[in-house]
Each structure stands twice: as C-alpha cells, then as structure tokens.
Amino acid sequence: MNHHEDKIDGGRRAFFGVAAGVTAGVVAPGVVLHAVSAAPRSEPVTDAVRWGLLIDTTKCADGCRACVDACDLENGLDLQIKPEGQSQVQWDRQKSVWIRKVKLQDNQTRRVTNLPLMCQHCEHPPCVDVCPTGASFKRADGIVMVDRHTCIGCRYCMMACPYKARSFIHENVHGQLTRVPRGKGCVESCNLCVSRRDYGIASTACVDACAAEGHNAMTFGDLNDPESPISQALKAIPSRQIREDLALNTGVRYSGV
Amino acid sequence: MIKRIVYREWRIPPARYWTILGILAVIAGIGGLAALYMEHEGHWVTGMNNSVVWGTPHVFAVFLIVAASGALNVASIGSVFGKGAYKPFGRLSGLLAVALLVGGLLVLVLDLGRPDRLIVAMTTYNFRSIFAWNIFLYTGFMAIVIAYLWSMADRMGAVFYKPMGLFAFAWRLALTTGTGSIFGFIVGRQAFDTAFLAPMFIIMSFAYGLAIFLLVLMFTFDQEGRVLGDKIVRRLKNLLGVFVAAILYFTVVYFLTKLYGAKNYELVSWMLLGGGTFTVVFWIGWVLIGGLVPLGILYHPELGKDRNWIAAACALVILGGLATMYVVIIASQAFPLQIFPGQTVLEAAPAGGIIAEPAHYSPSLPEFLLGLGGMAVALLITAGGVRVLQFLPESLADESMPADEGAKATGSALAEA
Amino acid sequence: MAKAVVRAGLVVVSLVWALGAQAVLAADLGSFVTQGSKAAGLSACVEPTEVMRRNHMEFIEHQRDATVHGGIRGTKYSLAGCIACHVSTGADGKPVPANEPNQFCGACHAFAAVTVNCFDCHANVPNGGPVSEAGVAAHQAAGIAVAGDESAVKGQ
C-alpha cells in the first residue's frame, strides 16, 4: 500500500485534469447554486440537499479496486496495523472496511456482476433506530454516520444493518489522520467523505478514483436537485435500491443488478 | 388455621460457607480480569469480528437476564395465581431474580466497546431503540422486585403484596418481551425479523428461571438439612417439565414458520443440517440436552422421584439454555445476509467472508471467563443474601404447606398436586 | 507534641511545593507553540489564557456537536486547530504528540490527574488536511481550489 510514494503519472494526471475539468464545467452551476464553495461550512447543515451515489454496475470493472484503495487513503484505513499476535485470517475479519468490491453471479442466468458495496445511507436507517444512545444518526443532508463521542460500542447497529456496512474498531489506533478521528471501541462506516462535504468539495474519493481509472461507474451528487448529474442519470437509466423490499429509501442506487 | 411461614438465615458451617463464597469470588474476579484484558487490548483478542459482533459474553448475559425474569415467576405463581404452596418461595425467588439480572447486566456492560461510557448510556437515550427501553426495564425491574420483597417481608407492606405481585409480573413480561425483541425487531437478518421471538423468550425464561431456582433451593436446603417435602418438589419438577415441553413446541413452530417462506429454505437447511458446529450445538444442546433428555428424566416414573436426577435435569436445562442462546444469537449472525437474493457472491474484497459465506466464530477464553464471572456474581449475591437475611423458609415439609387460595380448607394442609 | 510539629511542617512543605509547581508549569507552557503558526507571538489566541484553562473542555464539548451534527468546521474552538499550533517538535524534527507528559495537553492533565482520552480517536499531531493528498492533487489538476490546505501540516 505505497500509493502515496508512487511518482505522479503525468499522462494520467492530464487525462484526469481534462475529465475533471469537463465534470467541473457541468457541475459548477449546481455548485454555485447551492453555494457550495471551497470553504469550511460555518452554518449548520440543512436538509436542502440529500447526498447520494449512483453506481452503474455495467461499467464496474472486474478486479478493479480503485474505489477501495482511494477510500482507504482518504479515511486512514490503510494505516490499520494488525495487532501483534493476531492471525492474518482473524485480522481480515476484524479490520475496518468501509467499501468492498463484490462479484456476483445470478444462480439461474449465470450472469456476472461487479459492484462496490458501502453504507447505503438509507432514509429510514435500521442502524439509527436501534442505537441506544443516538450515536448512530442521520445528518440533515442525508449522511448516515456515527457520532463517536456518544458511541458506547454495543454493536447493535452492526447487527441491524442489512448491508453489513458497519465496522467495529477492535484494536488501539495510533497515527490517525486529523480529518478522520477513529479509535478503539467505536463503530464506523462510510460517511460519504464528510470532511469533503464540510469543506465544500463536491466529490467523494471513490467516485474520483473511478473516474480517474476511466470507468466512470460511480456518480455522486445531490438527490434533491433535479438538475444535478446524478438526478439526471437516475431519470435516464433504470436503477434500484439493494434490498428494496425493506423500503429503506437508500441514498445509494444501483443500475444493472 | 394457616401456619405462619418462618424464614431463617442459611446457617451452614462457616468453613463451608466461606469456601463457597471464596470459590465464587475467585471466578468472579477472573471474569473481571478477563473484562479488563478485553477492554485494554481491544476486542481483537476475542473471537468476535465484524460479522459475528455478539459472542459468548452475550450468550451468558442474555441467558442470565432471561433466567432472571423467569426466576421471579415462582413468586408470581404464589401471589398472582394464588397457589399457596408457592408462597414460601417468594423471597428467594425475588432475590434470585435480582441477582441473576445483576450478573447478566454486568457481563453485558463489561463487553461494551467503551464501558467507560456507561454514564453516557445512562443519560443519553434514543427511544426508538429497544436497547434504550431495556435500560429502563432492567433497572425498573430491580427496583420493583426490591419493593416486592419489602411487601413480602414487612408487615407494613403486606397490604401491597398482591398489587406489587401483579405489577412485578406485568413488568417482567415486558422485560422479557423487550429482550426477545432485541432480536425480533431486526429486519435485516433472516433468522430474526419475527414477532415470534418475544413470546419464545418468555417461554424460555419460565424454564431457565425455574431450573436455576430449583437447583438453588435443593442445594441450600440439602446443605443445611432443612426439610424439603416431596410434594412440593414434585409440583416444581412437573412445572419445569411443562415449560421444557413448551420450549420444544415453540422451537418447532419457529422453524416451521421460517420454512414456509421460500426465501428461508437456505437458512433453515443451514441451521438444521449444514451449519457445522451450529447444527451440532442445535441438535445436541438445544434439542437433546436442553429439551428431550430433561423431559425424559422429569417424567420418568422412577428417575422423576429421585432428587439427584431432578437436579441433573435442572443442570441439563441450564446447559441447554446456554446452547439455545448460542444458536439464537451467534448462528443467526453467522448466516450470511441475503443482500442479493437469487445471486451467489463469488468474491468480495476486502473481507470477503464478511458477506460471502457463513461467518466464522470460535469462542475465546476471555469471553468465556467473563460470562462465567457473571454467573458467579449472581450466585455470590444469592449466597450472601440467604446467609445474611431471611430469604429461605425454615421448612417446606409436606405437612406445613399452605393451601392454595380457593381450595377447601381442611384440617391437614395437604394440597392437591 | 513533636509529632504534631512534624505533621504541620509536612503540610506546609507540601503546600509550598504545590504552589511552586503551578508556577513552574505555567512557565513551561509558554514553549508549546509551533514556530510560525497562527498562535506564535500571541499571548492568547482563542480566548484569554485563564478562560481557556478553566473552560477549554466546555468549548471543545460544544464544538464537537456542532461539527459532527452540523458539519461546522474551522472555528476557533476546533480541536484540530489546537493541535495545528500547539505541538512541539522533538530532537529528530518529528512532532511530539500533544498528550504525552510535558507536552501541551499532557503536562496539565498529568498534574490534575484527569485522563484525556480525546486522543484515543483524534490525531495528536497534525496529520493531513480535509482531503487526502491524492484528492488535493486531483482537484488542483482540475483547477479547483481546496480549502483548509494552509492548515495541513504534513506529519510523520
């Protein structure tokens, strides 16, 4: 995991610059309309926006882990160290994972699908319902996350999550990133790069990485804004929630599965 | 004329008493050390992981909490249901209920990721959560049982005896419903997501509480040489048999209900046939040791009359109860979530096993020691209580049994079985 | 009689020591400011020193709710803000964690015997800005400014 030590690939950077520039050009009007400028938020967040993701599984590449690696970098998950004396097998089951790549095969048709799976940011989150202290909460802008100051580490939310999105921190943590405080005994999950949200940066690490790889399978944006790219994409292509029978109205939608 | 029931402290020889206390204290102390170790190092030292988040401590804790509400049942039969023969048991029943609850809660709290935040848990509430309600149900239960005990023991409180009995009975039903609903309310997991679990837990509480009560009763009376009449033992063991049979009935109905939906075929076949350790624990522990064998012993014409066999049956019910909790709590977590029905997860990375295959869990020593420590604390409280205060009736001989309410008052108080 | 005199003497000595220790600590604290940071050269940055000494825990506690639930960042009561300025550098040039004994947080907290468990989770040295380096690079390449860069001090 030595990504930060790789030399910057000039050609890739240029390609990404063009892609991001085009995206920025499309996104900029929406950005301006919502006054999401690149500055730290000074007023409490409201429900004027609802953040969501759209994942087009037909574009998700087999074996690609760009979103996972980017999430690790952004949120300090690559800094996790296996405690001394722990077996690798057990550590793989205990370490925190906020996003995972899943490869599925339909039992009848044998069709194979690839997709990333993370916290679905439900509108009616079971994890929020069951938390005894209210540490697991839904922010006004739709992000479902854990207030680690109030979390007592009971793991009831992990039992309740229908998507196995939450992770419990099993070991003492050192060397945390400033933007992602995380420590032993609390529960965490994907928070749609909330640090970026609060500094007005209109993207998440996983979506950026997917675009940088050229797959463009993931779109991030404001579900409440009918003009945003994600809303327009949701109107254009068929999509669904995972486990829609639970009627949770997730903020993450999938197309092609 | 109804004979007055005399309660006396447990007066076994001091050496024996302090030995019992010492052993229990050591086990409780080791449990505390285990908890300290888990809290200091972090839960990586346990067998729990991001798939199986509740393990052996919760098996013990939930068992103790369920048994606690069941232990109070014996007192309720005396007060709410008017069975006079059970009246002498009221005090011990209340003591056991509180002791078991304290033991169970201790294990639960010490297993938290951040037990230092107990104050936060006691002051910050999300009332959509059954856990938050349970905090009030559990602490309220302790207060109510203590008030109930007062109404039994104090002459001034006697007027409150019946209303407190009713109140305690209703509260304990709410408590066990709340405990079962911890699991029953979870929509995402196939083995849960059913209203059935709440009444099933209530039925299980009847059996586990009574088994523990009977064991403690027989042990304390036997150790001190107090008379425990055959008639009352027969009534208690028959009642235990009924409860164990009821558990088996609920088990059958639970699986049949799950099996009826096509989406649950895999779950039921995994639990009953293909689940490896879990299947073994289910059939041998839940069904055989916890159900069929005790039933056979308790209703056997010869064995059912032998105190030693009855005690063995009670112990088997307790072991079976722990096995039941193991399957209900842990197997349900191990079975993979059906996130993509009709599809098979070929790979998932990182942490592929988390959503692809049945999760792996093996109990670790610190977890087991913590659970055992909780049981020791419950027994410590009981032993201290019966020694220092008047919880145990002096005699439960057949001749001195109070009649049931509404039964014909005859010269001898031999109650109809 | 002699015992009483000895006891009284011990009490006096310990009182003097306690008072003296306060004076010593107050002097030490002046050195826990990163050179060239916003706080360097100021006698009191966020609030007057005595106010901070008594009330910093309340400020932090209220701020954390505003940040976690309201998403408000970069205010004067930000914990990351404290760390950005009040971390000293060791002999090897690496920042020393603020909660170690004799450091900005650790010194008073060790004396007062109050556990500071903020740093179970929070970074105790400056470690990265609001976006990862890869993210910053990508945004800069696309010409989008990323706020909070100026507070990102590369640690470790």
# chains A, B, ... in the order shown; residues from 1 in each chain; ligands from 1

call {"tool": "interface_residues", "arguments": {"of": "chain A", "to": "chain C", "cutoff": "6 Å", "atoms": "only C-alpha atoms", "output": "PyMOL selection string"}}
result
chain A and resi 17+20-21+38-42+44-45+74+176-179+181-183+195+198

call {"tool": "write_last_selection", "arguments": {"atoms": "C-alpha atoms", "output": "compact mmCIF listing (two decimals), in the first residue's frame"}}
result
# COMPACT_ATOMS: atom_id res chain seq x y z
CA GLY A 17 -7.49 17.01 -15.43
CA ALA A 20 -12.43 16.62 -14.02
CA GLY A 21 -12.47 19.88 -15.89
CA ALA A 38 -14.45 25.57 -1.34
CA ALA A 39 -14.63 26.92 2.20
CA PRO A 40 -15.36 25.32 5.56
CA ARG A 41 -19.01 25.29 6.49
CA SER A 42 -19.99 27.88 9.08
CA PRO A 44 -25.26 24.04 10.35
CA VAL A 45 -26.07 21.67 7.54
CA GLU A 74 -8.89 9.26 2.22
CA GLN A 176 -4.81 8.76 12.91
CA LEU A 177 -5.47 11.33 10.22
CA THR A 178 -6.69 14.69 11.50
CA ARG A 179 -9.73 14.59 9.23
CA PRO A 181 -10.63 10.60 14.11
CA ARG A 182 -11.07 6.91 14.80
CA GLY A 183 -10.35 4.84 17.88
CA SER A 195 -14.78 16.08 5.59
CA ASP A 198 -17.98 20.19 5.08

call {"tool": "select_by_dssp", "arguments": {"residues": "region 37-131 of chain C", "states": "helix (DSSP H, G or I)", "output": "NGL selection string"}}
result
:C and (49-70 or 79-85 or 104-112 or 118-120)

call {"tool": "residues_around", "arguments": {"residues": "Ala323 (chain B)", "least_positions_apart": "4", "cutoff": "7 Å", "atoms": "only C-alpha atoms", "output": "ChimeraX atom specification"}}
result
/B:281-282,285-286,319,327

call {"tool": "write_last_selection", "arguments": {"atoms": "N, CA and C atoms", "output": "PDB file, in the first residue's frame"}}
result
ATOM      1  N   VAL B 281     -24.556 -27.977  17.870  1.00  0.00           N
ATOM      2  CA  VAL B 281     -24.998 -27.337  19.116  1.00  0.00           C
ATOM      3  C   VAL B 281     -26.515 -27.288  19.169  1.00  0.00           C
ATOM      4  N   PHE B 282     -27.158 -27.076  18.002  1.00  0.00           N
ATOM      5  CA  PHE B 282     -28.621 -27.033  17.997  1.00  0.00           C
ATOM      6  C   PHE B 282     -29.188 -28.378  18.403  1.00  0.00           C
ATOM      7  N   GLY B 285     -27.353 -29.666  21.889  1.00  0.00           N
ATOM      8  CA  GLY B 285     -27.527 -28.755  23.009  1.00  0.00           C
ATOM      9  C   GLY B 285     -28.967 -28.313  23.214  1.00  0.00           C
ATOM     10  N   TRP B 286     -29.501 -27.633  22.200  1.00  0.00           N
ATOM     11  CA  TRP B 286     -30.849 -27.051  22.323  1.00  0.00           C
ATOM     12  C   TRP B 286     -31.905 -28.147  22.455  1.00  0.00           C
ATOM     13  N   LEU B 319     -27.732 -25.956  30.792  1.00  0.00           N
ATOM     14  CA  LEU B 319     -26.765 -26.121  29.697  1.00  0.00           C
ATOM     15  C   LEU B 319     -27.459 -25.978  28.347  1.00  0.00           C
ATOM     16  N   VAL B 327     -27.076 -20.639  19.675  1.00  0.00           N
ATOM     17  CA  VAL B 327     -27.610 -20.758  18.316  1.00  0.00           C
ATOM     18  C   VAL B 327     -28.411 -19.522  17.944  1.00  0.00           C
TER      19      VAL B 327
END

call {"tool": "closest_atom_pairs", "arguments": {"of": "chain B", "to": "chain C", "cutoff": "12 Å", "atoms": "only C-alpha atoms", "output": "Markdown table"}}
result
| residue | atom | partner | partner_atom | distance |
| --- | --- | --- | --- | --- |
| B:His40 | CA | C:Asp120 | CA | 11.9 |
| B:Gly42 | CA | C:Asp120 | CA | 12.0 |
| B:Arg114 | CA | C:Asp120 | CA | 11.1 |
| B:Asp116 | CA | C:Asn117 | CA | 10.6 |
| B:Arg117 | CA | C:Asn117 | CA | 11.5 |

call {"tool": "write_last_selection", "arguments": {"atoms": "C-alpha atoms", "output": "PDB file, in the first residue's frame"}}
result
ATOM      1  CA  HIS B  40      -7.394  -2.716  27.403  1.00  0.00           C
ATOM      2  CA  GLY B  42      -9.443  -4.194  22.344  1.00  0.00           C
ATOM      3  CA  ARG B 114     -16.368   1.592  25.568  1.00  0.00           C
ATOM      4  CA  ASP B 116     -16.165   3.823  30.362  1.00  0.00           C
ATOM      5  CA  ARG B 117     -19.098   5.476  28.616  1.00  0.00           C
TER       6      ARG B 117
END

call {"tool": "interface_residues", "arguments": {"of": "chain A", "to": "chain B", "cutoff": "6 Å", "atoms": "only C-alpha atoms", "output": "ChimeraX atom specification"}}
result
/A:92-94,100-107,129-134,152-154,160,162,167,170-171,185

call {"tool": "closest_residue", "arguments": {"among": "A:Lys82, A:Lys235, A:His215, A:His121", "to": "Asp56 (chain A)", "atoms": "only C-alpha atoms"}}
result
A:His215

call {"tool": "atom_distance", "arguments": {"atom1": "CA of Ile247 (chain B)", "atom2": "CA of Thr220 (chain B)"}}
result
27.6 Å
